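See structure below.
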Amino acid sequence: MDRVTDRMEERQARYWAVVPAAGVGKRMQSTKLMRPKQYLEIRGHSILEYTLMRLDQLDVLSGILLVLHPDDSWFSQLDITLHCGLDTTAGGAERAISVYHGLKALAARADDNDWVLVHDVVRPCVSLADLNRLVSTLSDDPVGGLLALPVTETMKKVAPDGAVAYTVPRDDYRLAGTPQMFRYGLLMAALSNALELRATVTDEAQAMERMGHPVKLVPGGADNIKITHPEDLVLAEFILKGQGVL
């Protein structure tokens, strides 16, 4: 009976996080020491630090794999202490390449049935409630899914001449967020296929969709913003303060 129990425990899926952070943040247009946006600071700490600390709140995580730009000179200047393990690897020119490199770096430790949570490094406001909801909702799913937010604004389809073609029924749409959580083996195969065929995939869910896998949507909070433009820094600080982080 003990051997059977041991084998069952060995098959227990583990959870890993992959955080692509190889971008240079061109849309931020920050000239402050030519610093990539993930290293811009809010109250003395970088966006990257807040993001890693938020993920570290998730008790089930076995480790975080941070994917950095090959020429990154900023990360080594940070002093980060996490409860779960933190490793780094070099990324590529596109998100899909960076995530794939992160998955490859986990190959010696992750089983095909394990879970991988891919999270944008510039989403430092993700709440523990959202993380726990994602994990609990998908824990028995064979594929996985992502945090998503209902569209609250009226959406317009743009015609070639720049005018409105028609109004899009927003109830049929969701804004994709992160983390996006999928089985390790399936995600590795999906990204490998997309890269081999040079298919454009803007997130992990799209790579899974290409392979015909059913991707679930898990409701996420509006506070899980992505820092893209300079004004987003002010909003992120306001949210972090409201969450009791600052």
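Ordered as shown in the structure tokens, chains take letters A, B, and onward, while each chain numbers its residues from 1 and ligands are numbered from 1 in the order shown.
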Go through range 50-234 of chain A and collect every residue that DSSP, computed from the backbone, puts in strand (DSSP E or B); the answer should be as number ranges by chain. A: 61-68, 85-90, 115-118, 144-150, 155-158, 164-168, 174-183, 216-219
Show me a table, sorted first by chain and then by increasing residue number, of the residues of range 15-75 of chain A having an atom at most 10 Å from range 180-188 of chain A, each with its shortest atom pair and the distance in Å to one decimal, counting only C-alpha atoms and written as a tab-separated table.
residue	atom	partner	partner_atom	distance
A:Tyr15	CA	A:Met181	CA	9.3
A:Trp16	CA	A:Tyr184	CA	9.0
A:Ala17	CA	A:Met181	CA	8.8
A:Val18	CA	A:Gln180	CA	9.9
Selection above as a file: N, CA and C atoms, as a PDB file, in the first residue's frame:
ATOM      1  N   TYR A  15       3.328  22.650  -9.918  1.00  0.00           N
ATOM      2  CA  TYR A  15       3.044  23.934 -10.546  1.00  0.00           C
ATOM      3  C   TYR A  15       4.334  24.735 -10.685  1.00  0.00           C
ATOM      4  N   TRP A  16       4.532  25.264 -11.880  1.00  0.00           N
ATOM      5  CA  TRP A  16       5.693  26.096 -12.175  1.00  0.00           C
ATOM      6  C   TRP A  16       5.217  27.413 -12.780  1.00  0.00           C
ATOM      7  N   ALA A  17       5.979  28.461 -12.617  1.00  0.00           N
ATOM      8  CA  ALA A  17       5.665  29.734 -13.258  1.00  0.00           C
ATOM      9  C   ALA A  17       6.793  30.105 -14.209  1.00  0.00           C
ATOM     10  N   VAL A  18       6.426  30.547 -15.401  1.00  0.00           N
ATOM     11  CA  VAL A  18       7.383  31.073 -16.371  1.00  0.00           C
ATOM     12  C   VAL A  18       7.028  32.536 -16.604  1.00  0.00           C
TER      13      VAL A  18
END
Extract the full set of helix (DSSP H, G or I) residues from range 34-203 of chain A according to DSSP on the backbone, and format it as a ChimeraX atom specification. /A:34,37-39,47-56,75-77,95-105,128-138,170-172,184-196
Neighbouring residues of Arg14 in chain A were defined as those with any atom within 8 Å, considering only C-alpha atoms; residues of the same chain fewer than 2 positions away were excluded. Please report them as an NGL selection string. :A and (12 or 16 or 60-62 or 110 or 114-115)
Those same residues - N, CA and C atoms - I'd like them written as an mmCIF file, in the first residue's frame.
data_model
loop_
_atom_site.group_PDB
_atom_site.id
_atom_site.type_symbol
_atom_site.label_atom_id
_atom_site.label_comp_id
_atom_site.auth_asym_id
_atom_site.auth_seq_id
_atom_site.Cartn_x
_atom_site.Cartn_y
_atom_site.Cartn_z
ATOM 1 N N GLN A 12 1.511 13.258 -8.790
ATOM 2 C CA GLN A 12 0.844 14.499 -8.445
ATOM 3 C C GLN A 12 1.435 15.654 -9.255
ATOM 4 N N TRP A 16 4.532 25.264 -11.880
ATOM 5 C CA TRP A 16 5.693 26.096 -12.175
ATOM 6 C C TRP A 16 5.217 27.413 -12.780
ATOM 7 N N VAL A 60 1.330 26.712 -3.992
ATOM 8 C CA VAL A 60 1.552 25.467 -4.734
ATOM 9 C C VAL A 60 2.759 25.537 -5.663
ATOM 10 N N LEU A 61 3.311 26.724 -5.876
ATOM 11 C CA LEU A 61 4.409 26.854 -6.836
ATOM 12 C C LEU A 61 5.658 26.102 -6.379
ATOM 13 N N SER A 62 6.218 25.327 -7.297
ATOM 14 C CA SER A 62 7.487 24.649 -7.026
ATOM 15 C C SER A 62 8.672 25.489 -7.439
ATOM 16 N N ALA A 110 10.228 19.301 -14.861
ATOM 17 C CA ALA A 110 8.783 19.277 -15.064
ATOM 18 C C ALA A 110 8.346 18.037 -15.833
ATOM 19 N N ASP A 114 2.516 18.266 -15.442
ATOM 20 C CA ASP A 114 2.647 19.422 -14.555
ATOM 21 C C ASP A 114 1.975 20.645 -15.164
ATOM 22 N N TRP A 115 1.704 21.620 -14.304
ATOM 23 C CA TRP A 115 1.099 22.876 -14.737
ATOM 24 C C TRP A 115 2.162 23.960 -14.877
#
Give me the residues near His101 in chain A as a VMD selection string, where near means some atom within 10 Å (using only C-alpha atoms) and where sequence neighbours in that chain fewer than 5 positions away do not count. chain A and resid 18 20 65 67 89 to 92 95 to 96 106 to 107 188
Next, the residues of the selection above should be written as a PDB file, in the first residue's frame with N, CA, C and O atoms.
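What landed in part.pdb:
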ATOM      1  N   VAL A  18       6.426  30.547 -15.401  1.00  0.00           N
ATOM      2  CA  VAL A  18       7.383  31.073 -16.371  1.00  0.00           C
ATOM      3  C   VAL A  18       7.028  32.536 -16.604  1.00  0.00           C
ATOM      4  O   VAL A  18       5.882  32.862 -16.932  1.00  0.00           O
ATOM      5  N   PRO A  20       8.130  35.630 -18.839  1.00  0.00           N
ATOM      6  CA  PRO A  20       8.956  36.212 -19.907  1.00  0.00           C
ATOM      7  C   PRO A  20       9.256  37.670 -19.601  1.00  0.00           C
ATOM      8  O   PRO A  20       8.353  38.474 -19.408  1.00  0.00           O
ATOM      9  N   LEU A  65      10.577  30.415 -13.236  1.00  0.00           N
ATOM     10  CA  LEU A  65      11.615  30.520 -14.249  1.00  0.00           C
ATOM     11  C   LEU A  65      11.475  31.898 -14.914  1.00  0.00           C
ATOM     12  O   LEU A  65      10.486  32.169 -15.595  1.00  0.00           O
ATOM     13  N   VAL A  67      12.642  34.584 -17.597  1.00  0.00           N
ATOM     14  CA  VAL A  67      13.312  34.587 -18.900  1.00  0.00           C
ATOM     15  C   VAL A  67      13.761  36.009 -19.216  1.00  0.00           C
ATOM     16  O   VAL A  67      12.940  36.896 -19.423  1.00  0.00           O
ATOM     17  N   THR A  89      16.877  32.172 -17.354  1.00  0.00           N
ATOM     18  CA  THR A  89      17.418  31.701 -18.619  1.00  0.00           C
ATOM     19  C   THR A  89      17.274  32.825 -19.628  1.00  0.00           C
ATOM     20  O   THR A  89      16.559  33.807 -19.374  1.00  0.00           O
ATOM     21  N   ALA A  90      17.948  32.716 -20.756  1.00  0.00           N
ATOM     22  CA  ALA A  90      17.902  33.755 -21.780  1.00  0.00           C
ATOM     23  C   ALA A  90      16.718  33.537 -22.710  1.00  0.00           C
ATOM     24  O   ALA A  90      16.385  32.408 -23.067  1.00  0.00           O
ATOM     25  N   GLY A  91      16.087  34.642 -23.096  1.00  0.00           N
ATOM     26  CA  GLY A  91      14.934  34.578 -23.974  1.00  0.00           C
ATOM     27  C   GLY A  91      15.271  34.950 -25.396  1.00  0.00           C
ATOM     28  O   GLY A  91      16.440  34.987 -25.799  1.00  0.00           O
ATOM     29  N   GLY A  92      14.216  35.237 -26.182  1.00  0.00           N
ATOM     30  CA  GLY A  92      14.393  35.558 -27.587  1.00  0.00           C
ATOM     31  C   GLY A  92      13.712  36.859 -27.957  1.00  0.00           C
ATOM     32  O   GLY A  92      13.270  37.620 -27.104  1.00  0.00           O
ATOM     33  N   ARG A  95       7.788  36.874 -27.700  1.00  0.00           N
ATOM     34  CA  ARG A  95       7.264  36.259 -26.483  1.00  0.00           C
ATOM     35  C   ARG A  95       7.255  34.730 -26.586  1.00  0.00           C
ATOM     36  O   ARG A  95       7.677  34.032 -25.660  1.00  0.00           O
ATOM     37  N   ALA A  96       6.761  34.206 -27.717  1.00  0.00           N
ATOM     38  CA  ALA A  96       6.660  32.760 -27.871  1.00  0.00           C
ATOM     39  C   ALA A  96       8.019  32.087 -27.734  1.00  0.00           C
ATOM     40  O   ALA A  96       8.143  31.011 -27.128  1.00  0.00           O
ATOM     41  N   LEU A 106      12.958  24.159 -17.931  1.00  0.00           N
ATOM     42  CA  LEU A 106      12.272  23.360 -16.909  1.00  0.00           C
ATOM     43  C   LEU A 106      12.248  21.871 -17.247  1.00  0.00           C
ATOM     44  O   LEU A 106      11.772  21.069 -16.442  1.00  0.00           O
ATOM     45  N   ALA A 107      12.741  21.501 -18.413  1.00  0.00           N
ATOM     46  CA  ALA A 107      12.569  20.145 -18.929  1.00  0.00           C
ATOM     47  C   ALA A 107      13.071  19.063 -17.977  1.00  0.00           C
ATOM     48  O   ALA A 107      12.479  17.979 -17.891  1.00  0.00           O
ATOM     49  N   MET A 188       4.389  22.838 -24.366  1.00  0.00           N
ATOM     50  CA  MET A 188       5.670  22.684 -25.042  1.00  0.00           C
ATOM     51  C   MET A 188       5.462  22.275 -26.498  1.00  0.00           C
ATOM     52  O   MET A 188       6.067  22.846 -27.420  1.00  0.00           O
TER      53      MET A 188
END
When you look at range 116-126 of chain A with a cut-off of 9 Å (counting only C-alpha atoms), what residues show up, excluding the ones that are within fewer than 5 positions of it in the same chain? I need them as a ChimeraX atom specification. /A:14-21,37-38,47-55,66,99,103,110,131,146,177-184,187,204,220-221,223-228,236-237,239-240,243
Any chance you could export the current selection's N, CA and C atoms as a compact mmCIF listing (two decimals), in the first residue's frame?
# COMPACT_ATOMS: atom_id res chain seq x y z
N ARG A 14 2.74 19.10 -10.37
CA ARG A 14 3.35 20.25 -9.72
C ARG A 14 3.06 21.52 -10.53
N TYR A 15 3.33 22.65 -9.92
CA TYR A 15 3.04 23.93 -10.55
C TYR A 15 4.33 24.74 -10.69
N TRP A 16 4.53 25.26 -11.88
CA TRP A 16 5.69 26.10 -12.18
C TRP A 16 5.22 27.41 -12.78
N ALA A 17 5.98 28.46 -12.62
CA ALA A 17 5.67 29.73 -13.26
C ALA A 17 6.79 30.11 -14.21
N VAL A 18 6.43 30.55 -15.40
CA VAL A 18 7.38 31.07 -16.37
C VAL A 18 7.03 32.54 -16.60
N VAL A 19 8.01 33.41 -16.41
CA VAL A 19 7.78 34.85 -16.54
C VAL A 19 8.69 35.40 -17.64
N PRO A 20 8.13 35.63 -18.84
CA PRO A 20 8.96 36.21 -19.91
C PRO A 20 9.26 37.67 -19.60
N ALA A 21 10.54 38.01 -19.55
CA ALA A 21 10.97 39.37 -19.21
C ALA A 21 12.12 39.81 -20.10
N LYS A 37 11.05 48.51 -19.26
CA LYS A 37 9.94 48.91 -18.39
C LYS A 37 9.78 48.02 -17.17
N GLN A 38 10.19 46.74 -17.25
CA GLN A 38 10.05 45.88 -16.08
C GLN A 38 10.95 46.30 -14.93
N ILE A 47 9.05 46.99 -11.10
CA ILE A 47 7.85 46.25 -11.49
C ILE A 47 8.11 44.75 -11.42
N LEU A 48 9.26 44.34 -11.89
CA LEU A 48 9.62 42.91 -11.89
C LEU A 48 9.58 42.34 -10.47
N GLU A 49 10.09 43.07 -9.51
CA GLU A 49 10.10 42.59 -8.13
C GLU A 49 8.68 42.39 -7.61
N TYR A 50 7.82 43.36 -7.85
CA TYR A 50 6.43 43.23 -7.40
C TYR A 50 5.77 42.00 -8.03
N THR A 51 6.02 41.80 -9.33
CA THR A 51 5.40 40.67 -10.04
C THR A 51 5.85 39.34 -9.45
N LEU A 52 7.15 39.21 -9.22
CA LEU A 52 7.65 37.95 -8.66
C LEU A 52 7.12 37.72 -7.25
N MET A 53 7.02 38.79 -6.48
CA MET A 53 6.51 38.65 -5.11
C MET A 53 5.04 38.24 -5.11
N ARG A 54 4.27 38.74 -6.08
CA ARG A 54 2.86 38.35 -6.15
C ARG A 54 2.73 36.86 -6.47
N LEU A 55 3.51 36.39 -7.43
CA LEU A 55 3.47 34.97 -7.78
C LEU A 55 3.94 34.10 -6.62
N LEU A 66 12.43 32.75 -14.68
CA LEU A 66 12.42 34.11 -15.22
C LEU A 66 13.26 34.13 -16.50
N VAL A 99 9.06 32.19 -23.96
CA VAL A 99 8.33 31.20 -23.16
C VAL A 99 8.83 29.80 -23.47
N LEU A 103 10.32 27.02 -20.93
CA LEU A 103 9.85 25.64 -20.81
C LEU A 103 11.00 24.65 -20.96
N ALA A 110 10.23 19.30 -14.86
CA ALA A 110 8.78 19.28 -15.06
C ALA A 110 8.35 18.04 -15.83
N LEU A 131 -5.11 34.36 -8.62
CA LEU A 131 -4.20 33.21 -8.78
C LEU A 131 -4.84 31.94 -8.23
N LEU A 146 -6.97 30.45 -19.01
CA LEU A 146 -6.35 31.73 -18.70
C LEU A 146 -7.32 32.64 -17.97
N GLY A 177 -5.91 37.86 -20.28
CA GLY A 177 -4.92 38.30 -19.30
C GLY A 177 -3.94 37.19 -19.00
N THR A 178 -3.20 37.35 -17.93
CA THR A 178 -2.31 36.30 -17.44
C THR A 178 -2.41 36.29 -15.91
N PRO A 179 -2.01 35.16 -15.29
CA PRO A 179 -1.39 34.00 -15.88
C PRO A 179 -2.29 33.22 -16.83
N GLN A 180 -1.60 32.54 -17.78
CA GLN A 180 -2.23 31.54 -18.61
C GLN A 180 -1.62 30.21 -18.19
N MET A 181 -2.48 29.26 -17.84
CA MET A 181 -2.03 28.04 -17.16
C MET A 181 -2.37 26.80 -17.99
N PHE A 182 -1.32 26.07 -18.39
CA PHE A 182 -1.52 24.90 -19.23
C PHE A 182 -0.61 23.75 -18.78
N ARG A 183 -0.99 22.54 -19.19
CA ARG A 183 -0.16 21.37 -18.93
C ARG A 183 1.18 21.54 -19.67
N TYR A 184 2.24 21.19 -18.98
CA TYR A 184 3.59 21.41 -19.52
C TYR A 184 3.79 20.76 -20.88
N LEU A 187 1.70 22.42 -23.73
CA LEU A 187 2.17 23.76 -24.06
C LEU A 187 3.50 23.72 -24.79
N GLU A 204 -0.02 32.24 -25.13
CA GLU A 204 0.03 30.78 -25.06
C GLU A 204 -1.31 30.16 -25.45
N GLY A 220 -11.19 37.03 -14.21
CA GLY A 220 -10.12 37.71 -13.48
C GLY A 220 -10.55 39.11 -13.09
N GLY A 221 -9.79 39.73 -12.19
CA GLY A 221 -10.11 41.06 -11.70
C GLY A 221 -9.60 42.15 -12.62
N ASP A 223 -8.22 44.74 -11.70
CA ASP A 223 -7.00 45.33 -11.15
C ASP A 223 -5.73 44.69 -11.69
N ASN A 224 -5.86 43.60 -12.43
CA ASN A 224 -4.70 42.90 -12.98
C ASN A 224 -4.27 43.57 -14.28
N ILE A 225 -3.84 44.83 -14.18
CA ILE A 225 -3.52 45.61 -15.37
C ILE A 225 -2.13 45.26 -15.91
N LYS A 226 -1.97 45.53 -17.20
CA LYS A 226 -0.67 45.35 -17.85
C LYS A 226 -0.05 46.73 -18.04
N ILE A 227 1.13 46.93 -17.52
CA ILE A 227 1.80 48.22 -17.64
C ILE A 227 2.43 48.31 -19.03
N THR A 228 1.84 49.17 -19.84
CA THR A 228 2.28 49.33 -21.23
C THR A 228 2.72 50.76 -21.52
N ALA A 236 -0.92 51.64 -11.56
CA ALA A 236 -0.41 50.47 -10.85
C ALA A 236 -0.10 50.82 -9.39
N GLU A 237 0.50 51.98 -9.17
CA GLU A 237 0.80 52.40 -7.80
C GLU A 237 -0.49 52.56 -7.00
N ILE A 239 -3.34 51.00 -7.51
CA ILE A 239 -3.91 49.67 -7.26
C ILE A 239 -3.14 48.96 -6.16
N LEU A 240 -1.81 48.99 -6.24
CA LEU A 240 -0.99 48.32 -5.22
C LEU A 240 -1.24 48.91 -3.83
N GLN A 243 -4.51 47.56 -2.62
CA GLN A 243 -4.39 46.15 -2.26
C GLN A 243 -3.63 45.93 -0.97
Go through A:Ser98, A:Ser127, A:Gln57, A:Thr154 one by one, measure the shortest atom-to-atom distance of each to Asp203 in chain A using only C-alpha atoms, and give the residue with the smallest value.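 Of A:Ser98, A:Ser127, A:Gln57, A:Thr154, the one nearest Asp203 in chain A is A:Ser98, counting only C-alpha atoms.
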